[in-house]
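As stored in target-v3.cif (mmCIF, C-alpha atoms):
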```cif
data_target
#
loop_
_atom_site.label_atom_id
_atom_site.label_comp_id
_atom_site.auth_asym_id
_atom_site.auth_seq_id
_atom_site.Cartn_x
_atom_site.Cartn_y
_atom_site.Cartn_z
CA MET A 502 10.28 120.49 16.22
CA SER A 503 12.64 117.79 14.98
CA SER A 504 11.14 114.35 14.41
CA LYS A 505 14.42 112.68 15.38
CA PRO A 506 13.87 110.86 18.68
CA LEU A 507 15.97 111.82 21.69
CA PRO A 508 18.30 108.98 22.70
CA PRO A 509 18.51 107.61 26.25
CA GLY A 510 20.92 109.73 28.26
CA SER A 511 19.33 112.96 27.03
CA THR A 512 18.19 115.50 29.62
CA LEU A 513 14.57 116.58 29.95
CA GLY A 514 13.38 119.65 31.85
CA ILE A 515 10.14 119.92 33.80
CA LEU A 516 8.59 123.18 34.96
CA GLY A 517 7.00 122.28 38.27
CA GLY A 518 8.11 120.08 41.14
CA GLY A 519 4.85 118.61 42.46
CA GLN A 520 3.48 115.09 42.25
CA LEU A 521 2.88 115.14 38.51
CA GLY A 522 6.46 116.27 37.92
CA ARG A 523 7.62 113.55 40.30
CA MET A 524 5.80 110.79 38.43
CA LEU A 525 6.94 112.18 35.07
CA SER A 526 10.53 112.15 36.31
CA GLN A 527 10.21 108.58 37.51
CA ALA A 528 8.84 107.52 34.13
CA ALA A 529 11.65 109.35 32.33
CA SER A 530 14.22 107.62 34.50
CA ARG A 531 12.84 104.20 33.52
CA LEU A 532 13.42 105.15 29.88
CA GLY A 533 17.01 106.21 30.55
CA PHE A 534 16.55 110.00 30.57
CA ASN A 535 18.00 112.49 33.01
CA VAL A 536 15.60 115.11 34.43
CA VAL A 537 16.09 118.64 35.74
CA ILE A 538 13.24 120.32 37.63
CA LEU A 539 12.60 124.07 37.84
CA ASP A 540 10.51 124.94 40.88
CA PRO A 541 10.63 127.76 43.45
CA GLU A 542 10.27 125.32 46.36
CA GLU A 543 13.50 123.81 47.61
CA ASN A 544 13.57 120.03 47.97
CA SER A 545 10.38 119.63 45.92
CA PRO A 546 8.77 116.18 45.54
CA ALA A 547 9.92 116.00 41.91
CA GLY A 548 13.34 117.44 42.65
CA ARG A 549 14.11 114.67 45.10
CA VAL A 550 13.77 111.95 42.45
CA SER A 551 15.53 113.85 39.65
CA GLN A 552 19.11 114.51 38.59
CA GLY A 553 18.83 118.09 39.77
CA GLN A 554 16.61 121.05 40.52
CA ILE A 555 16.89 124.74 39.71
CA VAL A 556 15.31 126.64 42.60
CA ALA A 557 13.84 129.78 41.05
CA ALA A 558 10.60 131.46 40.08
CA TYR A 559 8.95 130.21 36.90
CA ASP A 560 9.47 133.59 35.23
CA ASP A 561 13.14 133.96 36.21
CA PRO A 562 14.88 134.60 32.85
CA THR A 563 18.27 133.34 34.01
CA ALA A 564 16.82 130.10 35.35
CA LEU A 565 14.79 129.59 32.18
CA ARG A 566 17.86 130.19 30.03
CA VAL A 567 19.89 127.64 32.01
CA LEU A 568 17.06 125.10 31.78
CA GLY A 569 16.72 125.60 28.04
CA GLN A 570 20.46 125.25 27.45
CA THR A 571 20.75 122.17 29.70
CA CYS A 572 17.80 120.18 28.41
CA GLN A 573 17.07 118.67 25.02
CA ALA A 574 13.31 119.03 25.63
CA VAL A 575 11.25 120.86 28.24
CA THR A 576 7.71 120.22 29.46
CA PHE A 577 5.51 121.34 32.37
CA GLU A 578 3.46 119.58 35.01
CA PHE A 579 0.65 122.09 35.58
CA GLU A 580 -1.12 124.75 33.56
CA ASN A 581 -0.51 127.73 35.86
CA VAL A 582 3.10 128.02 34.72
CA PRO A 583 3.27 131.43 32.99
CA ALA A 584 2.64 131.02 29.26
CA ALA A 585 5.21 133.77 28.74
CA SER A 586 7.88 131.55 30.33
CA VAL A 587 7.12 128.72 27.90
CA ALA A 588 7.19 131.18 25.02
CA TYR A 589 10.53 132.57 26.29
CA LEU A 590 12.01 129.07 26.28
CA ALA A 591 10.73 128.37 22.78
CA GLU A 592 11.97 131.70 21.45
CA GLY A 593 15.38 130.92 22.92
CA GLY A 594 15.61 127.76 20.86
CA ALA A 595 14.47 125.20 23.44
CA VAL A 596 12.24 122.32 22.35
CA VAL A 597 9.10 122.81 24.45
CA ALA A 598 6.15 120.42 24.44
CA PRO A 599 3.29 121.05 24.70
CA GLY A 600 3.78 124.45 23.10
CA PRO A 601 2.88 127.90 24.47
CA ARG A 602 -0.41 128.09 22.53
CA ALA A 603 -1.88 125.07 24.32
CA LEU A 604 -0.91 126.55 27.66
CA ALA A 605 -2.32 129.99 26.83
CA VAL A 606 -5.64 128.50 25.65
CA ALA A 607 -6.04 126.37 28.78
CA GLN A 608 -5.20 129.27 31.10
CA ASP A 609 -8.15 131.40 30.01
CA ARG A 610 -11.58 129.77 30.25
CA VAL A 611 -13.12 132.04 27.64
CA GLU A 612 -10.31 131.35 25.17
CA GLU A 613 -10.56 127.66 26.00
CA LYS A 614 -14.32 127.43 25.38
CA THR A 615 -14.08 129.50 22.22
CA PHE A 616 -11.34 127.23 20.86
CA LEU A 617 -13.17 124.04 21.83
CA ASN A 618 -16.41 125.00 20.14
CA GLY A 619 -14.42 126.11 17.10
CA VAL A 620 -13.01 122.60 16.60
CA GLY A 621 -16.32 120.86 17.23
CA ALA A 622 -15.66 119.90 20.85
CA THR A 623 -18.90 121.37 22.17
CA THR A 624 -19.11 122.95 25.63
CA VAL A 625 -22.10 124.09 27.66
CA ASP A 626 -23.45 127.54 26.81
CA PHE A 627 -21.51 130.33 28.48
CA ALA A 628 -21.32 134.09 28.90
CA VAL A 629 -18.29 136.36 29.36
CA ILE A 630 -18.54 138.24 32.66
CA ASP A 631 -16.66 141.47 33.37
CA SER A 632 -19.12 143.16 35.73
CA VAL A 633 -22.12 142.47 37.95
CA GLU A 634 -24.30 143.81 35.13
CA ASP A 635 -22.83 141.18 32.79
CA LEU A 636 -23.62 138.57 35.42
CA VAL A 637 -27.26 139.59 35.69
CA ALA A 638 -27.60 139.58 31.89
CA GLY A 639 -25.87 136.19 31.69
CA LEU A 640 -28.27 134.70 34.21
CA GLU A 641 -31.22 136.00 32.22
CA ARG A 642 -29.89 134.29 29.08
CA LEU A 643 -28.54 131.04 30.53
CA GLY A 644 -30.92 130.63 33.45
CA ALA A 645 -30.20 129.86 37.10
CA PRO A 646 -28.52 128.10 38.70
CA ALA A 647 -25.34 128.75 36.72
CA LEU A 648 -21.68 128.36 37.61
CA LEU A 649 -19.50 131.46 37.84
CA LYS A 650 -15.76 130.81 37.39
CA THR A 651 -12.79 133.13 37.20
CA ARG A 652 -11.35 133.24 33.69
CA ARG A 653 -7.87 132.45 34.93
CA GLU A 654 -6.47 130.18 37.63
CA GLY A 655 -8.68 128.27 40.00
CA TYR A 656 -8.77 124.47 40.21
CA ASP A 657 -10.18 121.73 42.46
CA GLY A 658 -13.27 123.83 43.13
CA LYS A 659 -11.41 127.07 43.81
CA GLY A 660 -12.34 130.34 42.07
CA GLN A 661 -15.93 129.37 41.37
CA ILE A 662 -19.40 129.72 42.86
CA TRP A 663 -22.89 128.60 41.98
CA VAL A 664 -25.29 131.49 41.39
CA THR A 665 -28.81 130.33 42.18
CA SER A 666 -30.73 133.51 41.34
CA PRO A 667 -30.19 137.05 39.97
CA ALA A 668 -30.69 138.34 43.51
CA MET A 669 -27.33 136.88 44.57
CA ALA A 670 -25.41 138.26 41.58
CA ALA A 671 -23.71 141.07 43.52
CA ASP A 672 -22.66 138.75 46.35
CA ALA A 673 -21.34 136.14 43.89
CA TRP A 674 -19.38 138.76 41.95
CA HIS A 675 -17.82 139.96 45.21
CA ALA A 676 -17.10 136.37 46.33
CA ILE A 677 -14.83 135.70 43.35
CA GLY A 678 -12.99 138.99 43.84
CA GLU A 679 -14.76 140.90 41.04
CA ARG A 680 -12.38 139.33 38.56
CA PRO A 681 -12.95 138.66 34.84
CA SER A 682 -15.02 135.48 34.73
CA VAL A 683 -17.16 133.12 32.71
CA LEU A 684 -20.70 132.02 33.53
CA GLU A 685 -21.54 128.44 32.56
CA ALA A 686 -25.02 127.05 32.05
CA LYS A 687 -25.86 124.09 34.26
CA ALA A 688 -25.35 120.83 32.40
CA ALA A 689 -27.99 118.12 32.87
CA PHE A 690 -25.38 115.37 32.82
CA LEU A 691 -25.64 111.80 33.98
CA ARG A 692 -22.02 111.54 35.08
CA GLU A 693 -18.59 113.03 34.49
CA LEU A 694 -16.20 111.18 32.24
CA SER A 695 -12.66 111.95 31.16
CA VAL A 696 -10.44 110.89 28.34
CA ILE A 697 -6.64 110.87 28.37
CA ALA A 698 -5.02 111.11 24.95
CA ALA A 699 -1.58 111.76 23.51
CA ARG A 700 -0.10 113.05 20.28
CA GLY A 701 3.48 112.43 19.20
CA ARG A 702 5.86 114.66 17.32
CA ASP A 703 4.96 112.79 14.12
CA GLY A 704 1.22 113.39 14.59
CA GLN A 705 0.48 109.88 15.86
CA ILE A 706 -2.46 109.88 18.30
CA ALA A 707 -3.21 107.37 21.05
CA VAL A 708 -6.34 107.46 23.24
CA TYR A 709 -6.95 105.63 26.52
CA PRO A 710 -10.31 104.14 27.52
CA LEU A 711 -12.67 106.55 29.26
CA GLY A 712 -12.72 106.96 33.02
CA GLU A 713 -15.74 107.80 35.19
CA ASN A 714 -15.06 110.41 37.88
CA ILE A 715 -16.60 111.03 41.28
CA HIS A 716 -15.95 114.35 43.06
CA SER A 717 -16.28 115.46 46.66
CA GLY A 718 -16.20 119.13 47.61
CA GLY A 719 -15.06 120.11 44.12
CA VAL A 720 -12.03 117.78 44.29
CA LEU A 721 -11.66 114.51 42.40
CA LYS A 722 -12.05 111.62 44.81
CA THR A 723 -12.33 108.51 42.64
CA THR A 724 -11.88 107.46 39.02
CA LEU A 725 -13.28 104.15 37.78
CA ALA A 726 -11.67 102.90 34.59
CA PRO A 727 -12.29 101.69 32.02
CA ALA A 728 -15.73 103.28 32.35
CA VAL A 729 -18.77 101.31 31.29
CA VAL A 730 -19.73 103.16 28.08
CA ASP A 731 -21.31 102.30 24.77
CA ALA A 732 -19.52 102.51 21.44
CA ALA A 733 -21.11 105.86 20.57
CA THR A 734 -19.80 107.49 23.75
CA GLN A 735 -16.30 106.09 23.36
CA GLY A 736 -16.24 107.11 19.71
CA ARG A 737 -17.40 110.65 20.42
CA ALA A 738 -14.81 111.04 23.19
CA GLU A 739 -12.04 109.88 20.87
CA ALA A 740 -13.21 112.32 18.18
CA ILE A 741 -13.17 115.17 20.70
CA ALA A 742 -9.67 114.28 21.87
CA ARG A 743 -8.39 114.07 18.31
CA ALA A 744 -9.94 117.44 17.38
CA VAL A 745 -8.33 119.16 20.37
CA LEU A 746 -4.91 117.59 19.85
CA GLU A 747 -4.82 118.42 16.15
CA GLY A 748 -6.34 121.88 16.63
CA LEU A 749 -3.54 122.82 19.01
CA ASP A 750 -0.79 121.00 17.04
CA TYR A 751 -0.24 119.38 20.41
CA VAL A 752 2.64 117.16 21.52
CA GLY A 753 2.27 115.26 24.77
CA VAL A 754 -0.53 113.93 26.96
CA LEU A 755 -3.79 115.85 27.35
CA GLY A 756 -6.70 115.39 29.75
CA VAL A 757 -10.26 116.21 28.66
CA GLU A 758 -13.07 116.36 31.22
CA LEU A 759 -16.51 115.56 29.80
CA PHE A 760 -20.15 115.77 30.83
CA ASP A 761 -22.05 112.67 29.69
CA LEU A 762 -25.59 113.69 28.68
CA GLY A 763 -26.44 110.18 27.46
CA ASP A 764 -26.60 108.44 24.07
CA GLY A 765 -23.09 109.53 23.11
CA ASP A 766 -23.88 113.22 23.65
CA LEU A 767 -20.87 114.77 25.41
CA ARG A 768 -19.98 118.31 26.46
CA VAL A 769 -16.41 119.32 27.24
CA ASN A 770 -16.00 120.76 30.72
CA GLU A 771 -12.34 121.69 30.38
CA ILE A 772 -9.01 120.53 29.06
CA ALA A 773 -5.72 120.12 30.89
CA PRO A 774 -2.54 120.43 28.77
CA ARG A 775 -0.63 117.88 30.85
CA VAL A 776 -0.87 114.50 32.50
CA HIS A 777 -4.05 114.44 34.57
CA ASN A 778 -5.32 113.17 37.90
CA THR A 779 -8.05 111.16 36.14
CA GLY A 780 -5.32 109.29 34.25
CA HIS A 781 -3.53 107.94 37.31
CA TRP A 782 -5.38 104.64 36.87
CA THR A 783 -3.22 103.94 33.82
CA GLN A 784 -0.20 103.34 36.07
CA ASP A 785 -1.62 99.98 37.08
CA GLY A 786 -4.22 99.38 34.35
CA CYS A 787 -2.14 99.77 31.17
CA VAL A 788 1.21 98.58 29.84
CA CYS A 789 2.20 102.18 29.03
CA ASP A 790 0.82 104.66 31.58
CA GLN A 791 0.12 108.34 30.94
CA PHE A 792 3.44 109.47 32.42
CA GLU A 793 5.57 107.24 30.21
CA GLN A 794 3.34 108.19 27.28
CA HIS A 795 4.02 111.88 27.85
CA ILE A 796 7.76 111.29 28.00
CA ARG A 797 7.61 109.19 24.83
CA ALA A 798 5.69 111.95 23.02
CA ILE A 799 7.94 114.88 23.96
CA ALA A 800 11.07 112.80 23.28
CA GLY A 801 9.85 111.85 19.80
CA TRP A 802 9.53 108.14 20.61
CA PRO A 803 6.70 105.94 19.29
CA LEU A 804 3.61 106.14 21.46
CA GLY A 805 2.87 103.14 23.64
CA PRO A 806 -0.23 100.91 23.79
CA THR A 807 -3.31 102.32 25.56
CA ALA A 808 -5.52 99.23 25.95
CA ALA A 809 -6.47 98.40 29.54
CA HIS A 810 -5.35 95.07 30.96
CA ALA A 811 -7.13 95.58 34.31
CA GLN A 812 -10.08 97.35 35.91
CA VAL A 813 -8.86 100.07 38.28
CA GLU A 814 -10.48 102.14 41.01
CA MET A 815 -8.23 105.14 41.66
CA THR A 816 -8.78 107.02 44.92
CA ASN A 817 -7.06 110.26 45.91
CA LEU A 818 -5.75 110.50 49.46
CA LEU A 819 -6.26 114.04 50.72
CA GLY A 820 -4.68 115.59 53.80
CA ASP A 821 -4.31 113.22 56.72
CA GLU A 822 -5.92 110.38 54.75
CA VAL A 823 -2.33 109.62 53.77
CA GLU A 824 -1.91 108.15 57.27
CA GLN A 825 -3.88 105.16 55.99
CA TRP A 826 -0.72 104.06 54.16
CA ARG A 827 -0.08 101.17 56.54
CA ALA A 828 -3.49 99.60 55.99
CA LEU A 829 -3.43 100.30 52.26
CA ALA A 830 0.00 98.74 51.91
CA GLY A 831 -1.50 95.54 53.30
CA GLU A 832 -4.34 95.31 50.79
CA PRO A 833 -3.45 92.59 48.26
CA ASP A 834 -5.06 94.32 45.26
CA ALA A 835 -4.02 97.89 46.10
CA ARG A 836 -1.02 99.75 44.77
CA LEU A 837 -0.06 102.87 46.70
CA HIS A 838 1.54 105.93 45.09
CA LEU A 839 2.91 108.38 47.67
CA TYR A 840 3.97 111.86 46.58
CA GLY A 841 6.66 112.60 49.17
CA LYS A 842 5.07 115.81 50.42
CA ALA A 843 6.24 116.94 53.84
CA GLU A 844 3.02 118.49 55.16
CA ALA A 845 -0.45 116.94 55.02
CA ARG A 846 -2.74 119.99 54.83
CA PRO A 847 -6.54 119.58 54.62
CA GLY A 848 -7.61 118.92 51.04
CA ARG A 849 -4.03 118.61 49.78
CA LYS A 850 -3.38 115.70 47.42
CA MET A 851 -0.84 113.54 49.25
CA ALA A 852 -1.10 110.21 47.43
CA HIS A 853 -3.40 107.97 45.47
CA VAL A 854 -4.18 104.28 45.60
CA ASN A 855 -5.09 102.10 42.63
CA ARG A 856 -7.23 99.08 43.46
CA VAL A 857 -6.77 96.60 40.64
CA LYS A 858 -9.17 93.91 39.46
CA ALA A 859 -9.03 91.61 36.46
CA LEU A 860 -11.11 92.64 33.46
#
```
Let's see the structure in the file written out as structure tokens.
Amino acid sequence: MSSKPLPPGSTLGILGGGQLGRMLSQAASRLGFNVVILDPEENSPAGRVSQGQIVAAYDDPTALRVLGQTCQAVTFEFENVPAASVAYLAEGGAVVAPGPRALAVAQDRVEEKTFLNGVGATTVDFAVIDSVEDLVAGLERLGAPALLKTRREGYDGKGQIWVTSPAMAADAWHAIGERPSVLEAKAAFLRELSVIAARGRDGQIAVYPLGENIHSGGVLKTTLAPAVVDAATQGRAEAIARAVLEGLDYVGVLGVELFDLGDGDLRVNEIAPRVHNTGHWTQDGCVCDQFEQHIRAIAGWPLGPTAAHAQVEMTNLLGDEVEQWRALAGEPDARLHLYGKAEARPGRKMAHVNRVKAL
């Protein structure tokens, strides 16, 4: 990858047309870039704020070839884009960031945990599950309750189930579709934290302050940032982020979800090779938010500052909660970010609001 920065007026491609692609495109526009979206959904949220959209499947070779030839750099907004499509773009000469290895690692929970432990970013104990017999054996080793997750796909609480005893192993295995899985030991954590970090083309690394996350029904509801943490915890989180970024030769923004066991002892839950929901607070709490940071990184620009200038409470608006927009728009310390989605389905992320307070 060339270290020469892309000048304003260059065209960037984004695989994915959802809210993250939308906010990436808006950030790119502020920096003078043009953006083309590839998404199978016509009139996608990201497509409507971009120069153009290619409506095609993510594995459509013609569409990928056109995107690669049109754009000076290509990125993606979510990790379920086929890794083979990213590899196809890279093999065709396109500049793709993050690269296909980061995507492939994040798409397989066993590969992800193996990689993380290999670079010193410790996870909870786990077992590879390919049968109900494996599940029973895993429960005997790790203890119950334990969390069974499909190896691939699944997010926001989907594709996973708590197994509370060996007696429910068969039912749990059936509930996740008898698919290759991973069994995770229960973590005795005090809270969940997350760290958003970025690495530029030149190897420069920038890390944002930690956020504290609160979930409801397996979906992120609120992030409080900067989190109240001691120096040991912040330092360990930064070391984890650096190890992951350098281990993957990563370019772009990365989200790392962490279990805080206390006294600076952290376990990595998972990584996300993209901008992340727990980093939305940076839009109103930092001079350079995570979306601009990602664009800077993939374009070869210097990374921006990550210090917080405000305390932010980020709240996701799910489903018909988006109808609160009128009241939220009237709150003096609230900044509303609407995603432009046409249909408010239950549990669907429709918007978020950042409530801002002085540090």
Nearest to Arg602 of chain A: which of A:Gly704, A:Gly786, A:Pro806, A:Gly748 is it, counting only C-alpha atoms?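 Looking only at the distances to Arg602 of chain A, the closest residue turns out to be A:Gly748.
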Need to verify the contact set: Thr571 of chain A, 12 Å, all atoms listed in the file, exclusion of same-chain residues closer than 4 positions in sequence. Can you return it as a count of residues only? 23
Which residues would end up in the selection if the PyMOL selection byres ((chain A and resi 815) around 12) were applied here, given that I need the answer as a PyMOL selection string? chain A and resi 712-715+721-727+778-786+812-814+816-818+834-838+852-858
For each of A:Val745, A:Ala733, A:Ala707, A:Ala673, take the minimum atom-to-atom distance to Lys614 of chain A, counting all atoms listed in the file, then give the residue where this is smallest.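 Answer, going by the shortest atom-to-atom distance: A:Val745.
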Could you make a table, as a Markdown table, of the residues of segment 507-613 of chain A that have an atom within 9 Å of an atom of segment 753-764 of chain A, each with its nearest atom pair and distance in Å to one decimal, counting all atoms listed in the file, in chain and number order?
```
| residue | atom | partner | partner_atom | distance |
| --- | --- | --- | --- | --- |
| A:Thr576 | CA | A:Gly753 | CA | 8.7 |
| A:Ala598 | CA | A:Gly753 | CA | 6.5 |
| A:Pro599 | CA | A:Gly753 | CA | 5.9 |
```
Could you give me, as a ChimeraX atom specification, the residues within 8 Å of segment 525-534 of chain A, counting all atoms listed in the file and dropping anything in the same chain fewer than 6 positions from it? /A:509-513,547,550-551,792-793,795-796
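Between atom CA of Asn770 of chain A and atom CA of Glu679 of chain A the interatomic distance comes to 22.7 Å.
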Applied to the shown file, which residues does the PyMOL selection byres ((chain A and resi 685) around 8) return, written as a list in words? Val625, Asp626, Phe627, Ala628, Leu643, Ala647, Leu648, Leu649, Lys650, Val683, Leu684, Ala686 and Lys687 of chain A
Given the point (-20.8, 107.5, 24.6) in the coordinates of this file, which residues lie within 8 Å, counting only C-alpha atoms, and how would they look as JSON, numbers by chain? {"A": [730, 731, 732, 733, 734, 735, 736, 737, 738, 761, 763, 764, 765, 766, 767]}
One decimal, Å: what's the distance from atom CA of Leu521 of chain A over to atom CA of Arg775 of chain A, could you say?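 Atom CA of Leu521 of chain A sits 8.9 Å away from atom CA of Arg775 of chain A.
Taking all atoms listed in the file into account, Asp703 of chain A lies nearest to A:Asp750 out of the set A:Glu580, A:Glu824, A:Asp750, A:Asp790.
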Shortest contact to Asn544 of chain A, candidates A:Ser682, A:Ala859, A:Lys842, A:His716, atoms counted all atoms listed in the file, goes to A:Lys842
Fix up segment 701-710 of chain A with all heavy atoms, then write it as an mmCIF file, in the frame of the given file.
```cif
data_model
loop_
_atom_site.group_PDB
_atom_site.id
_atom_site.type_symbol
_atom_site.label_atom_id
_atom_site.label_comp_id
_atom_site.auth_asym_id
_atom_site.auth_seq_id
_atom_site.Cartn_x
_atom_site.Cartn_y
_atom_site.Cartn_z
ATOM 1 N N GLY A 701 2.037 112.414 19.332
ATOM 2 C CA GLY A 701 3.480 112.430 19.200
ATOM 3 C C GLY A 701 3.974 113.529 18.287
ATOM 4 O O GLY A 701 3.188 114.230 17.639
ATOM 5 N N ARG A 702 5.267 113.654 18.207
ATOM 6 C CA ARG A 702 5.860 114.660 17.320
ATOM 7 C C ARG A 702 5.502 114.418 15.858
ATOM 8 O O ARG A 702 5.433 115.344 15.062
ATOM 9 C CB ARG A 702 7.389 114.646 17.457
ATOM 10 C CG ARG A 702 7.921 115.201 18.757
ATOM 11 C CD ARG A 702 9.419 115.418 18.584
ATOM 12 N NE ARG A 702 10.118 115.575 19.850
ATOM 13 C CZ ARG A 702 11.435 115.703 19.941
ATOM 14 N NH1 ARG A 702 12.182 115.671 18.834
ATOM 15 N NH2 ARG A 702 12.019 115.859 21.114
ATOM 16 N N ASP A 703 5.269 113.139 15.505
ATOM 17 C CA ASP A 703 4.960 112.790 14.120
ATOM 18 C C ASP A 703 3.470 112.852 13.818
ATOM 19 O O ASP A 703 3.040 112.497 12.721
ATOM 20 C CB ASP A 703 5.490 111.393 13.798
ATOM 21 C CG ASP A 703 4.880 110.311 14.698
ATOM 22 O OD1 ASP A 703 4.088 110.654 15.610
ATOM 23 O OD2 ASP A 703 5.191 109.122 14.483
ATOM 24 N N GLY A 704 2.659 113.302 14.796
ATOM 25 C CA GLY A 704 1.220 113.390 14.590
ATOM 26 C C GLY A 704 0.458 112.150 14.985
ATOM 27 O O GLY A 704 -0.785 112.140 14.929
ATOM 28 N N GLN A 705 1.160 111.081 15.399
ATOM 29 C CA GLN A 705 0.480 109.880 15.860
ATOM 30 C C GLN A 705 -0.358 110.205 17.093
ATOM 31 O O GLN A 705 0.086 110.941 17.982
ATOM 32 C CB GLN A 705 1.501 108.795 16.203
ATOM 33 C CG GLN A 705 0.882 107.493 16.730
ATOM 34 C CD GLN A 705 1.910 106.520 17.280
ATOM 35 O OE1 GLN A 705 3.099 106.820 17.333
ATOM 36 N NE2 GLN A 705 1.455 105.353 17.694
ATOM 37 N N ILE A 706 -1.562 109.644 17.172
ATOM 38 C CA ILE A 706 -2.460 109.880 18.300
ATOM 39 C C ILE A 706 -2.811 108.556 18.958
ATOM 40 O O ILE A 706 -3.052 107.550 18.285
ATOM 41 C CB ILE A 706 -3.738 110.620 17.842
ATOM 42 C CG1 ILE A 706 -3.400 112.074 17.475
ATOM 43 C CG2 ILE A 706 -4.825 110.591 18.919
ATOM 44 C CD1 ILE A 706 -4.562 112.870 16.924
ATOM 45 N N ALA A 707 -2.829 108.546 20.280
ATOM 46 C CA ALA A 707 -3.210 107.370 21.050
ATOM 47 C C ALA A 707 -4.192 107.819 22.131
ATOM 48 O O ALA A 707 -3.961 108.831 22.803
ATOM 49 C CB ALA A 707 -1.993 106.713 21.686
ATOM 50 N N VAL A 708 -5.291 107.082 22.302
ATOM 51 C CA VAL A 708 -6.340 107.460 23.240
ATOM 52 C C VAL A 708 -6.590 106.303 24.212
ATOM 53 O O VAL A 708 -6.729 105.144 23.804
ATOM 54 C CB VAL A 708 -7.660 107.799 22.498
ATOM 55 C CG1 VAL A 708 -8.720 108.272 23.489
ATOM 56 C CG2 VAL A 708 -7.413 108.863 21.429
ATOM 57 N N TYR A 709 -6.652 106.628 25.496
ATOM 58 C CA TYR A 709 -6.950 105.630 26.520
ATOM 59 C C TYR A 709 -8.455 105.439 26.667
ATOM 60 O O TYR A 709 -9.248 106.321 26.302
ATOM 61 C CB TYR A 709 -6.367 106.076 27.873
ATOM 62 C CG TYR A 709 -4.863 106.007 27.951
ATOM 63 C CD1 TYR A 709 -4.080 107.113 27.637
ATOM 64 C CD2 TYR A 709 -4.220 104.837 28.354
ATOM 65 C CE1 TYR A 709 -2.694 107.053 27.714
ATOM 66 C CE2 TYR A 709 -2.834 104.767 28.437
ATOM 67 C CZ TYR A 709 -2.074 105.883 28.112
ATOM 68 O OH TYR A 709 -0.704 105.811 28.188
ATOM 69 N N PRO A 710 -8.886 104.307 27.220
ATOM 70 C CA PRO A 710 -10.310 104.140 27.520
ATOM 71 C C PRO A 710 -10.798 105.229 28.472
ATOM 72 O O PRO A 710 -10.026 105.785 29.264
ATOM 73 C CB PRO A 710 -10.369 102.757 28.193
ATOM 74 C CG PRO A 710 -9.150 102.033 27.713
ATOM 75 C CD PRO A 710 -8.103 103.092 27.559
#
```
